[in-house]
$ cat work-v2.cif   # mmCIF, C-alpha atoms
data_final
#
loop_
_atom_site.label_atom_id
_atom_site.label_comp_id
_atom_site.auth_asym_id
_atom_site.auth_seq_id
_atom_site.Cartn_x
_atom_site.Cartn_y
_atom_site.Cartn_z
CA MET M 1 1.39 4.79 3.36
CA PHE M 2 -0.06 7.72 5.25
CA LYS M 3 0.28 6.60 8.81
CA LYS M 4 1.61 9.90 9.99
CA ASP M 5 -0.03 13.22 9.50
CA ILE M 6 1.11 14.70 6.26
CA ILE M 7 2.17 18.17 5.50
CA PRO M 8 1.00 19.01 2.02
CA GLY M 9 3.61 20.41 -0.29
CA ALA M 10 3.15 22.85 -3.08
CA LYS M 11 -0.25 23.07 -4.66
CA SER M 12 -0.24 23.76 -8.33
CA LYS M 13 -2.72 23.90 -11.10
CA VAL M 14 -2.88 21.06 -13.56
CA LYS M 15 -2.47 21.93 -17.20
CA SER M 16 -5.62 21.31 -19.13
CA SER M 17 -3.89 18.82 -21.37
CA ALA M 18 -2.65 16.94 -18.34
CA GLN M 19 -6.12 17.17 -16.93
CA ARG M 20 -7.50 15.49 -19.99
CA ALA M 21 -4.91 12.77 -19.66
CA ILE M 22 -5.85 12.19 -16.04
CA ARG M 23 -9.46 12.01 -16.97
CA ALA M 24 -8.76 9.47 -19.67
CA LYS M 25 -6.67 7.46 -17.26
CA VAL M 26 -9.38 7.46 -14.65
CA LEU M 27 -11.92 6.28 -17.17
CA ASP M 28 -9.54 3.66 -18.40
CA GLN M 29 -9.00 2.33 -14.90
CA TYR M 30 -12.50 2.66 -13.61
CA PRO M 31 -14.80 2.32 -16.61
CA LEU M 32 -17.82 2.18 -14.33
CA LEU M 33 -17.26 5.80 -13.41
CA GLU M 34 -18.04 6.90 -16.90
CA PRO M 35 -21.63 8.10 -16.35
CA TYR M 36 -20.50 10.20 -13.40
CA ILE M 37 -17.20 11.55 -14.58
CA GLU M 38 -18.76 14.88 -15.35
CA ASP M 39 -19.83 15.13 -11.72
CA ILE M 40 -16.53 13.99 -10.35
CA MET M 41 -14.19 16.06 -12.45
CA PRO M 42 -16.08 18.47 -14.67
CA LYS M 43 -14.30 19.30 -17.89
CA LYS M 44 -14.30 22.99 -17.24
CA GLU M 45 -13.07 22.93 -13.67
CA GLN M 46 -9.49 23.49 -12.72
CA LEU M 47 -7.87 20.52 -11.05
CA ASP M 48 -5.17 21.02 -8.48
CA LEU M 49 -2.13 18.88 -7.96
CA VAL M 50 -0.93 18.69 -4.39
CA LYS M 51 2.44 17.16 -3.74
CA LEU M 52 2.63 14.97 -0.69
CA PRO M 53 5.64 13.42 0.97
CA ASP M 54 7.13 10.21 -0.45
CA ARG M 55 6.43 11.16 -4.05
CA VAL M 56 2.73 10.91 -3.73
CA SER M 57 0.68 13.33 -5.71
CA LEU M 58 -2.92 14.11 -4.99
CA TYR M 59 -5.37 15.46 -7.49
CA ALA M 60 -8.05 17.63 -6.01
CA LEU M 61 -10.91 19.72 -7.21
CA GLY M 62 -11.01 22.78 -5.02
CA SER M 63 -10.86 21.36 -1.52
CA THR M 64 -12.20 17.95 -2.48
CA PRO M 65 -9.52 15.34 -2.85
CA LEU M 66 -10.23 12.99 -5.73
CA PHE M 67 -7.36 10.69 -6.63
CA PHE M 68 -3.87 10.09 -5.42
CA GLN M 69 -0.95 8.39 -7.00
CA HIS M 70 2.43 7.19 -5.90
CA MET M 71 4.88 7.93 -8.69
CA ASP M 72 3.44 6.16 -11.72
CA ASP M 73 1.36 3.61 -9.89
CA PRO M 74 -2.31 3.39 -10.69
CA LEU M 75 -4.46 6.26 -9.55
CA LEU M 76 -6.21 5.43 -6.32
CA PRO M 77 -9.48 7.07 -5.40
CA HIS M 78 -9.69 9.01 -2.16
CA LEU M 79 -12.05 7.49 0.38
CA THR M 80 -14.44 10.42 0.33
CA LEU M 81 -14.88 9.79 -3.38
CA ILE M 82 -15.49 6.12 -2.72
CA HIS M 83 -18.09 6.94 -0.13
CA ARG M 84 -19.94 8.99 -2.68
CA TYR M 85 -19.73 6.42 -5.46
CA PRO M 86 -19.37 3.20 -3.56
CA THR M 87 -20.51 0.66 -6.10
CA LEU M 88 -18.26 1.67 -8.94
CA PHE M 89 -15.09 0.02 -7.73
CA HIS M 90 -13.95 -3.54 -7.12
CA ARG M 91 -14.94 -4.32 -3.62
CA LEU M 92 -14.00 -6.84 -0.98
CA ARG M 93 -15.05 -7.13 2.60
CA VAL M 94 -13.16 -7.90 5.77
CA ASP M 95 -14.57 -9.38 8.94
CA ARG M 96 -15.27 -7.36 12.00
CA GLY M 97 -12.19 -8.45 13.88
CA ALA M 98 -9.96 -6.92 11.26
CA ILE M 99 -11.45 -3.45 11.28
CA ARG M 100 -9.51 -2.13 14.19
CA PHE M 101 -6.25 -3.29 12.68
CA VAL M 102 -7.08 -1.82 9.33
CA LEU M 103 -7.97 1.49 10.93
CA SER M 104 -4.70 1.61 12.78
CA GLY M 105 -2.78 1.18 9.57
CA ALA M 106 -1.88 -2.48 9.49
CA THR M 107 -1.35 -4.30 6.23
CA LEU M 108 -4.50 -6.03 5.16
CA MET M 109 -4.13 -9.76 5.70
CA VAL M 110 -5.84 -12.52 3.79
CA PRO M 111 -7.54 -14.32 6.72
CA GLY M 112 -9.68 -11.25 7.28
CA LEU M 113 -11.07 -11.66 3.81
CA THR M 114 -11.49 -15.42 3.73
CA SER M 115 -13.13 -15.82 7.15
CA PRO M 116 -16.92 -16.10 7.41
CA GLY M 117 -17.27 -12.36 7.90
CA GLY M 118 -15.20 -11.45 4.90
CA ARG M 119 -16.21 -11.45 1.28
CA LEU M 120 -14.32 -12.23 -1.85
CA PRO M 121 -15.69 -12.27 -5.39
CA SER M 122 -18.15 -15.03 -6.21
CA ASP M 123 -18.84 -15.78 -2.60
CA THR M 124 -22.27 -16.95 -1.78
CA PRO M 125 -24.30 -14.24 -0.10
CA ASP M 126 -25.24 -14.31 3.58
CA LYS M 127 -27.77 -16.80 4.72
CA GLY M 128 -31.05 -15.24 3.79
CA GLY M 129 -29.11 -12.34 2.36
CA GLN M 130 -31.06 -9.93 0.23
CA VAL M 131 -30.92 -10.13 -3.49
CA SER M 132 -28.94 -6.95 -3.64
CA GLU M 133 -26.18 -8.61 -1.70
CA GLU M 134 -25.68 -11.15 -4.44
CA GLY M 135 -23.08 -10.15 -6.93
CA ARG M 136 -22.22 -7.17 -4.84
CA TYR M 137 -18.68 -8.31 -4.60
CA GLY M 138 -18.50 -9.41 -8.21
CA THR M 139 -18.01 -12.80 -9.65
CA GLU M 140 -14.71 -12.40 -11.37
CA GLU M 141 -11.49 -13.28 -9.67
CA LEU M 142 -9.23 -10.30 -9.30
CA GLU M 143 -5.60 -10.27 -10.30
CA PRO M 144 -2.78 -8.95 -8.15
CA GLY M 145 -2.31 -5.26 -8.73
CA THR M 146 -6.00 -4.52 -8.99
CA VAL M 147 -7.20 -1.53 -7.06
CA VAL M 148 -9.72 -2.67 -4.50
CA VAL M 149 -11.93 -0.94 -2.01
CA ILE M 150 -12.27 -2.73 1.27
CA GLU M 151 -15.52 -2.62 3.13
CA ALA M 152 -16.14 -4.01 6.56
CA GLU M 153 -18.56 -6.49 7.98
CA GLY M 154 -21.69 -4.79 9.26
CA LYS M 155 -20.65 -1.39 7.95
CA GLU M 156 -22.02 0.57 5.10
CA ASN M 157 -19.01 2.56 4.05
CA ALA M 158 -15.61 1.51 2.87
CA CYS M 159 -12.66 1.74 5.21
CA PHE M 160 -9.63 1.08 3.04
CA VAL M 161 -8.38 1.34 -0.49
CA GLY M 162 -5.25 -0.23 -1.90
CA THR M 163 -3.82 -2.50 -4.55
CA LEU M 164 -4.03 -6.25 -4.29
CA LYS M 165 -0.84 -8.09 -3.59
CA MET M 166 -2.30 -11.49 -4.15
CA GLY M 167 -4.97 -12.61 -6.58
CA THR M 168 -8.29 -13.49 -5.03
CA ALA M 169 -8.14 -17.01 -6.43
CA GLU M 170 -4.85 -17.57 -4.72
CA MET M 171 -6.20 -16.11 -1.49
CA LYS M 172 -8.91 -18.71 -1.37
CA LYS M 173 -6.32 -21.42 -1.73
CA VAL M 174 -3.64 -20.20 0.63
CA LYS M 175 -5.73 -18.35 3.20
CA LYS M 176 -2.84 -16.51 4.71
CA GLY M 177 -0.33 -13.79 4.01
CA GLN M 178 -0.71 -10.20 3.00
CA ALA M 179 -3.60 -9.21 0.84
CA CYS M 180 -3.26 -5.52 0.23
CA GLU M 181 -0.33 -3.21 0.17
CA GLY M 182 -0.27 -0.08 2.23
CA GLY M 183 -2.99 2.13 0.93
CA HIS M 184 -5.32 4.71 2.29
CA TYR M 185 -7.54 3.99 5.28
CA LEU M 186 -10.08 5.89 7.31
CA GLY M 187 -8.47 8.27 9.73
CA ASP M 188 -4.98 8.26 8.26
CA GLY M 189 -2.93 11.27 7.32
CA LEU M 190 -4.45 11.55 3.89
CA TRP M 191 -7.91 11.31 5.32
CA SER M 192 -7.37 14.08 7.82
CA LEU M 193 -5.52 16.22 5.32
CA ASN M 194 -7.18 19.55 5.01
CA LEU M 195 -6.90 21.25 1.67
CA GLY M 196 -7.34 24.91 2.28
CA MET T 1 -18.38 19.57 -4.53
CA ALA T 2 -21.55 21.24 -5.65
CA GLU T 3 -22.63 19.22 -8.57
CA ALA T 4 -25.85 18.91 -10.41
CA SER T 5 -26.40 15.27 -9.75
CA SER T 6 -27.22 13.48 -12.94
CA SER T 7 -28.64 10.37 -11.37
CA SER T 8 -30.89 9.55 -8.50
CA GLU T 9 -28.46 7.20 -6.84
CA PHE T 10 -25.20 9.07 -6.93
CA PRO T 11 -23.43 10.82 -5.45
CA LYS T 12 -24.30 9.26 -2.19
CA LYS T 13 -24.45 11.58 0.77
CA VAL T 14 -22.32 10.41 3.62
CA ILE T 15 -22.46 11.87 7.08
CA TYR T 16 -19.16 12.29 8.82
CA CYS T 17 -18.73 12.52 12.54
CA GLY T 18 -17.98 16.02 13.72
CA ILE T 19 -15.59 14.78 16.37
CA CYS T 20 -13.40 12.19 14.75
CA SER T 21 -14.29 12.88 11.09
CA LEU T 22 -14.97 9.22 10.30
CA PRO T 23 -18.33 7.95 9.16
CA PRO T 24 -20.25 7.47 12.44
CA GLU T 25 -20.35 3.71 12.12
CA TYR T 26 -16.58 3.68 12.54
CA CYS T 27 -16.53 5.97 15.58
CA GLU T 28 -16.16 2.99 17.86
CA PHE T 29 -12.66 2.49 16.49
CA GLY T 30 -11.57 6.04 16.84
CA GLY T 31 -10.89 6.25 20.55
CA THR T 32 -13.28 9.10 21.24
CA VAL T 33 -16.43 7.02 21.28
CA LYS T 34 -18.12 8.86 24.13
CA LYS T 35 -17.84 12.23 22.49
CA CYS T 36 -18.77 10.89 19.08
CA GLU T 37 -21.87 9.31 20.49
CA GLU T 38 -22.97 12.56 22.08
CA TRP T 39 -22.33 14.44 18.89
CA LEU T 40 -24.34 12.01 16.84
CA GLN T 41 -27.20 12.11 19.29
CA GLN T 42 -27.37 15.84 18.98
CA ASN T 43 -26.93 16.12 15.26
CA HIS T 44 -28.40 13.00 13.73
CA PRO T 45 -30.73 11.43 16.30
CA SER T 46 -32.14 8.85 13.94
CA MET T 47 -28.74 7.55 13.02
CA HIS T 48 -27.75 7.52 16.65
CA GLU T 49 -30.68 5.31 17.43
CA LYS T 50 -29.70 2.90 14.75
CA LEU T 51 -26.05 2.66 15.64
CA TYR T 52 -26.14 2.74 19.40
CA SER T 53 -29.18 0.65 20.16
CA GLN T 54 -28.73 -2.28 22.50
CA GLU T 55 -29.49 -4.63 19.70
CA ALA T 56 -26.82 -3.29 17.43
CA ILE T 57 -24.22 -3.49 20.12
CA GLU T 58 -25.10 -7.05 20.95
CA GLN T 59 -25.01 -8.00 17.35
CA ASN T 60 -21.60 -6.51 16.99
CA LEU T 61 -20.28 -8.46 19.91
CA SER T 62 -21.77 -11.76 18.88
CA THR T 63 -19.64 -12.04 15.78
CA LEU T 64 -16.41 -12.15 17.72
CA SER T 65 -15.08 -14.90 19.91
CA LEU T 66 -14.85 -14.17 23.61
CA GLU T 67 -11.13 -13.89 23.59
CA ALA T 68 -11.12 -11.56 20.64
CA GLN T 69 -13.77 -9.48 22.36
CA LYS T 70 -11.61 -9.06 25.40
CA ARG T 71 -8.65 -8.14 23.34
CA ALA T 72 -10.65 -5.67 21.31
CA GLU T 73 -11.98 -4.08 24.46
CA LYS T 74 -8.58 -3.75 25.98
CA ASP T 75 -7.31 -2.27 22.77
CA ALA T 76 -10.17 0.17 22.62
CA GLN T 77 -9.54 1.30 26.15
CA LYS T 78 -5.90 1.80 25.46
CA LYS T 79 -6.72 3.78 22.38
CA ALA T 80 -9.22 5.93 24.21
CA ALA T 81 -6.71 6.66 26.95
CA LYS T 82 -4.13 7.51 24.36
CA ALA T 83 -6.46 9.85 22.53
CA ALA T 84 -7.46 11.54 25.77
CA SER T 85 -3.90 12.04 26.88
CA ALA T 86 -2.91 13.34 23.49
CA GLU T 87 -5.69 15.87 23.63
CA ALA T 88 -4.79 16.95 27.14
CA LYS T 89 -1.20 17.31 26.10
CA ALA T 90 -2.10 19.39 23.10
CA GLN T 91 -4.26 21.61 25.22
CA GLU T 92 -1.57 22.05 27.81
CA GLN T 93 0.92 22.86 25.16
CA ARG T 94 -1.46 25.38 23.77
CA ALA T 95 -1.87 26.97 27.17
CA THR T 96 1.81 27.16 27.98
CA SER T 97 3.38 27.98 24.67
CA LYS T 98 4.09 31.57 23.94
CA VAL T 99 4.19 33.65 20.85
CA LEU T 100 7.24 35.86 20.82
CA ILE T 101 7.25 39.07 18.88
CA LYS T 102 10.79 40.29 18.71
CA ARG T 103 11.96 43.65 17.55
CA ILE T 104 15.49 43.35 16.35
CA GLU T 105 17.66 46.31 15.61
CA ARG T 106 19.35 45.74 12.33
CA ASN T 107 21.04 49.06 11.87
CA LYS T 108 20.48 52.31 13.70
CA ARG T 109 16.84 53.21 13.18
CA LYS T 110 16.24 50.14 11.11
CA TYR T 111 14.45 47.13 12.50
CA VAL T 112 13.15 43.75 11.60
CA THR T 113 10.44 41.98 13.52
CA ALA T 114 10.63 38.28 14.22
CA VAL T 115 7.63 36.24 15.27
CA GLN T 116 8.15 32.88 16.91
CA GLY T 117 5.90 30.18 18.24
CA LEU T 118 2.84 30.56 16.07
CA GLU T 119 3.06 26.98 14.87
CA ALA T 120 2.18 25.74 18.36
CA PHE T 121 -1.31 27.09 17.82
CA GLY T 122 -1.91 25.06 14.72
CA LEU T 123 -1.16 27.84 12.31
CA ASP T 124 0.67 27.34 9.10
CA ILE T 125 3.48 29.82 9.44
CA LYS T 126 4.11 29.98 5.74
CA LYS T 127 0.61 31.21 5.21
CA VAL T 128 0.79 33.58 8.14
CA ALA T 129 4.00 35.03 6.76
CA LYS T 130 2.26 35.64 3.49
CA ASP T 131 -0.60 37.33 5.30
CA PHE T 132 1.76 39.56 7.21
CA GLY T 133 3.45 40.57 4.01
CA LYS T 134 0.15 41.37 2.39
CA LYS T 135 -1.23 43.25 5.34
CA PHE T 136 1.81 45.40 6.00
CA ALA T 137 3.11 45.60 2.47
CA THR T 138 6.59 44.56 3.48
CA GLY T 139 8.87 41.66 2.94
CA SER T 140 7.91 38.76 5.14
CA SER T 141 9.52 35.38 5.13
CA VAL T 142 9.97 32.20 7.06
CA THR T 143 13.53 31.79 8.25
CA LYS T 144 15.27 29.04 10.11
CA VAL T 145 16.38 29.74 13.64
CA PRO T 146 19.85 28.52 14.59
CA GLY T 147 18.51 26.52 17.51
CA GLY T 148 16.12 24.63 15.27
CA GLY T 149 12.63 25.57 14.29
CA GLU T 150 11.41 28.43 12.18
CA GLU T 151 10.27 31.97 12.66
CA ILE T 152 8.63 34.64 10.58
CA THR T 153 10.78 37.62 9.80
CA VAL T 154 9.02 40.79 8.79
CA GLN T 155 10.92 43.79 7.55
CA GLY T 156 10.44 46.97 9.51
CA ASP T 157 9.43 47.73 13.05
CA LEU T 158 5.95 46.33 13.15
CA SER T 159 5.86 44.76 16.57
CA ASP T 160 2.76 46.62 17.76
CA ASP T 161 0.93 46.18 14.49
CA ILE T 162 1.67 42.50 14.41
CA TYR T 163 0.45 42.15 17.96
CA ASP T 164 -2.86 43.71 17.04
CA PHE T 165 -3.09 41.76 13.82
CA VAL T 166 -2.50 38.43 15.50
CA VAL T 167 -5.00 39.15 18.26
CA GLU T 168 -7.55 40.25 15.72
CA ASN T 169 -7.17 37.55 13.11
CA TYR T 170 -6.00 34.39 14.78
CA LYS T 171 -8.53 33.72 17.47
CA ASP T 172 -6.78 30.51 18.44
CA VAL T 173 -3.99 32.49 20.00
CA PRO T 174 -4.91 33.85 23.42
CA GLU T 175 -3.82 37.42 23.91
CA ASP T 176 -2.09 36.64 27.18
CA ASN T 177 0.25 34.27 25.44
CA ILE T 178 1.73 36.86 23.19
CA GLU T 179 4.91 38.41 24.43
CA MET T 180 6.79 41.37 23.08
CA VAL T 181 10.54 41.39 23.31
CA GLU T 182 13.04 43.93 22.24
CA ASP T 183 16.29 42.50 21.14
CA LYS T 184 18.85 44.89 22.51
CA LYS T 185 21.84 43.06 21.29
CA LYS T 186 23.28 45.02 18.45
CA LYS T 187 24.48 43.08 15.50
CA ALA T 188 28.13 43.50 14.61
CA ALA T 189 28.65 46.42 12.33
CA GLY T 190 27.12 45.69 9.01
#

$ encode --input "work-v2.cif" --output "structure tokens"
Amino acid sequence: MFKKDIIPGAKSKVKSSAQRAIRAKVLDQYPLLEPYIEDIMPKKEQLDLVKLPDRVSLYALGSTPLFFQHMDDPLLPHLTLIHRYPTLFHRLRVDRGAIRFVLSGATLMVPGLTSPGGRLPSDTPDKGGQVSEEGRYGTEELEPGTVVVIEAEGKENACFVGTLKMGTAEMKKVKKGQACEGGHYLGDGLWSLNLG
Amino acid sequence: MAEASSSSEFPKKVIYCGICSLPPEYCEFGGTVKKCEEWLQQNHPSMHEKLYSQEAIEQNLSTLSLEAQKRAEKDAQKKAAKAASAEAKAQEQRATSKVLIKRIERNKRKYVTAVQGLEAFGLDIKKVAKDFGKKFATGSSVTKVPGGGEEITVQGDLSDDIYDFVVENYKDVPEDNIEMVEDKKKKAAG
């Protein structure tokens, strides 16, 4: 979605009523964020709305981008936010071979997730994997349309966020095709966007 | 975000590479690995040790098949070359591009000043126009140039002041690259 560098459009302040609505929507979508919402978007702070090309709007607090949204699609968290609160989103993992494609903006494909290096929900942990690894990727199957954060094999931080195109149960069966629609990845235009 | 963290675990502090802005573990995919590595060594030695140790590199390689390794390497090289050439190009462009400060006679004894070429130095001309307007207390706007592109038009003869202001405030613009032009051509009677 943000393959090219983006030129931010007008920056405007969000009405406090709209701000409340956004907050409610965020909590609705990511209930796990609840204990930290006050840290992420304090009630008293003024949120900014930055318009980006292709009808994407980005909500930011000062110069920290928080969430972005394409038209009325679900709010997607910005990767810097994910890096700060990594465990509060649905997570999947791709194998090492896929990283370079993901980071150059390719669509996320299913084989990267189903291969030995990838992780889907309710996978068995690594051989001799630590206890913390277990359940890290959840046990519930995810439906298409779920917002997922993609981590990478051998890496600590997430590299991609997007919405699922195919349910995880189906992925395990079919093992090919596209997994995630164009989202936000490390190093893309949204990532390098500098909010003054 | 300066927040009073309410828990011990979050928010997690993440270090970002000063060169390519990615978390350091992803530097290897950025195309500027050499520079990133140096940066990390200087700024976060412990992390550097962890990420660039022989062991880590070997482990990384072992997970890929030979063929994939080769491909990945080739790809990385290509990417690095691309990044290097892009940087060189940007630098060259920076060195050769000029900022034109034009004094245009609008009417006898009335002038406007047009500034072109600031965008080549990574400046946001809309913001610069606003700054000019604030500094000189005149109208200042971004206008389209017939040949394509945009320039800043400032009301009044401010060519010398703008010259000084640009040199003073925008350090990215080398003084030698600023050129002053007087537009002699008189506009048709207006």

$ atom_distance --input "work-v2.cif" --atom1 "CA of Ile104 in chain T" --atom2 "CA of Glu182 in chain T"
6.4 Å

$ closest_residue --input "work-v2.cif" --among "T:Ser85, T:Met180, T:Asn169, T:Lys70" --to "Lys102 in chain T" --atoms "all atoms listed in the file"
T:Met180

$ atom_distance --input "work-v2.cif" --atom1 "CA of Thr168 in chain M" --atom2 "CA of Pro74 in chain M"
18.8 Å

$ atom_distance --input "work-v2.cif" --atom1 "CA of Asp160 in chain T" --atom2 "CA of Val145 in chain T"
22.1 Å

$ residues_near_point --input "work-v2.cif" --point "(-0.3, 30.9, 27.1)" --cutoff "12 Å" --atoms "only C-alpha atoms" --output "mmCIF file with C-alpha atoms, in the coordinates of the input"
data_model
loop_
_atom_site.group_PDB
_atom_site.id
_atom_site.type_symbol
_atom_site.label_atom_id
_atom_site.label_comp_id
_atom_site.auth_asym_id
_atom_site.auth_seq_id
_atom_site.Cartn_x
_atom_site.Cartn_y
_atom_site.Cartn_z
ATOM 1 C CA GLN T 91 -4.260 21.610 25.220
ATOM 2 C CA GLU T 92 -1.570 22.050 27.810
ATOM 3 C CA GLN T 93 0.920 22.860 25.160
ATOM 4 C CA ARG T 94 -1.460 25.380 23.770
ATOM 5 C CA ALA T 95 -1.870 26.970 27.170
ATOM 6 C CA THR T 96 1.810 27.160 27.980
ATOM 7 C CA SER T 97 3.380 27.980 24.670
ATOM 8 C CA LYS T 98 4.090 31.570 23.940
ATOM 9 C CA VAL T 99 4.190 33.650 20.850
ATOM 10 C CA LEU T 100 7.240 35.860 20.820
ATOM 11 C CA GLY T 117 5.900 30.180 18.240
ATOM 12 C CA LEU T 118 2.840 30.560 16.070
ATOM 13 C CA ALA T 120 2.180 25.740 18.360
ATOM 14 C CA PHE T 121 -1.310 27.090 17.820
ATOM 15 C CA ASP T 172 -6.780 30.510 18.440
ATOM 16 C CA VAL T 173 -3.990 32.490 20.000
ATOM 17 C CA PRO T 174 -4.910 33.850 23.420
ATOM 18 C CA GLU T 175 -3.820 37.420 23.910
ATOM 19 C CA ASP T 176 -2.090 36.640 27.180
ATOM 20 C CA ASN T 177 0.250 34.270 25.440
ATOM 21 C CA ILE T 178 1.730 36.860 23.190
ATOM 22 C CA GLU T 179 4.910 38.410 24.430
#

$ resolve_selection --input "work-v2.cif" --expression "the PyMOL selection byres ((chain M) within 7 of (chain T))" --output "ChimeraX atom specification"
/M:39,64,83-85,97,100,155,186-187

$ write_last_selection --input "work-v2.cif" --atoms "C-alpha atoms" --output "short mmCIF file (atom, residue, chain, number, x, y, z; two decimals), keeping the file's coordinate frame"
data_model
loop_
_atom_site.label_atom_id
_atom_site.label_comp_id
_atom_site.auth_asym_id
_atom_site.auth_seq_id
_atom_site.Cartn_x
_atom_site.Cartn_y
_atom_site.Cartn_z
CA ASP M 39 -19.83 15.13 -11.72
CA THR M 64 -12.20 17.95 -2.48
CA HIS M 83 -18.09 6.94 -0.13
CA ARG M 84 -19.94 8.99 -2.68
CA TYR M 85 -19.73 6.42 -5.46
CA GLY M 97 -12.19 -8.45 13.88
CA ARG M 100 -9.51 -2.13 14.19
CA LYS M 155 -20.65 -1.39 7.95
CA LEU M 186 -10.08 5.89 7.31
CA GLY M 187 -8.47 8.27 9.73
#

$ closest_residue --input "work-v2.cif" --among "M:His90, M:His184, M:Lys13, M:Arg119" --to "Val148 in chain M" --atoms "only C-alpha atoms"
M:His90

$ axis_aligned_box --input "work-v2.cif" --around "range 74-86 of chain M" --padding-each-side "3 Å" --output "JSON"
{"center_x": -11.1, "center_y": 6.8, "center_z": -5.2, "size_x": 23.6, "size_y": 13.2, "size_z": 17.1}

$ residues_around --input "work-v2.cif" --residues "Phe136 in chain T" --least-positions-apart "4" --cutoff "12 Å" --atoms "all atoms listed in the file" --output "JSON, numbers by chain"
{"T": [113, 129, 130, 131, 132, 140, 154, 155, 156, 157, 158, 159, 160, 161, 162, 165]}

$ resolve_selection --input "work-v2.cif" --expression "the PyMOL selection byres ((chain M and resi 183) around 9)" --output "list of chain:residue names"
M:Met1, M:Phe2, M:Leu76, M:Gly105, M:Thr107, M:Phe160, M:Val161, M:Gly162, M:Thr163, M:Cys180, M:Glu181, M:Gly182, M:His184, M:Tyr185

$ residues_near_point --input "work-v2.cif" --point "(4.0, 34.8, 15.0)" --cutoff "8 Å" --atoms "all atoms listed in the file" --output "count of residues only"
14

$ closest_residue --input "work-v2.cif" --among "M:Lys173, M:Ala18, M:Phe101, M:Met109" --to "Arg71 in chain T" --atoms "only C-alpha atoms"
M:Phe101

$ closest_residue --input "work-v2.cif" --among "M:Leu49, M:Ala60, M:Leu92, M:Val110" --to "His78 in chain M" --atoms "all atoms listed in the file"
M:Ala60

$ closest_residue --input "work-v2.cif" --among "T:Lys135, T:Tyr170, T:Glu37, T:Gly18" --to "Leu51 in chain T" --atoms "all atoms listed in the file"
T:Glu37

$ resolve_selection --input "work-v2.cif" --expression "the PyMOL selection byres ((chain T and resi 32) around 8)" --output "list in words"
Ile19, Cys20, Cys27, Glu28, Gly30, Gly31, Val33, Lys34, Lys35, Cys36, Ala80, Ala83 and Ala84 of chain T
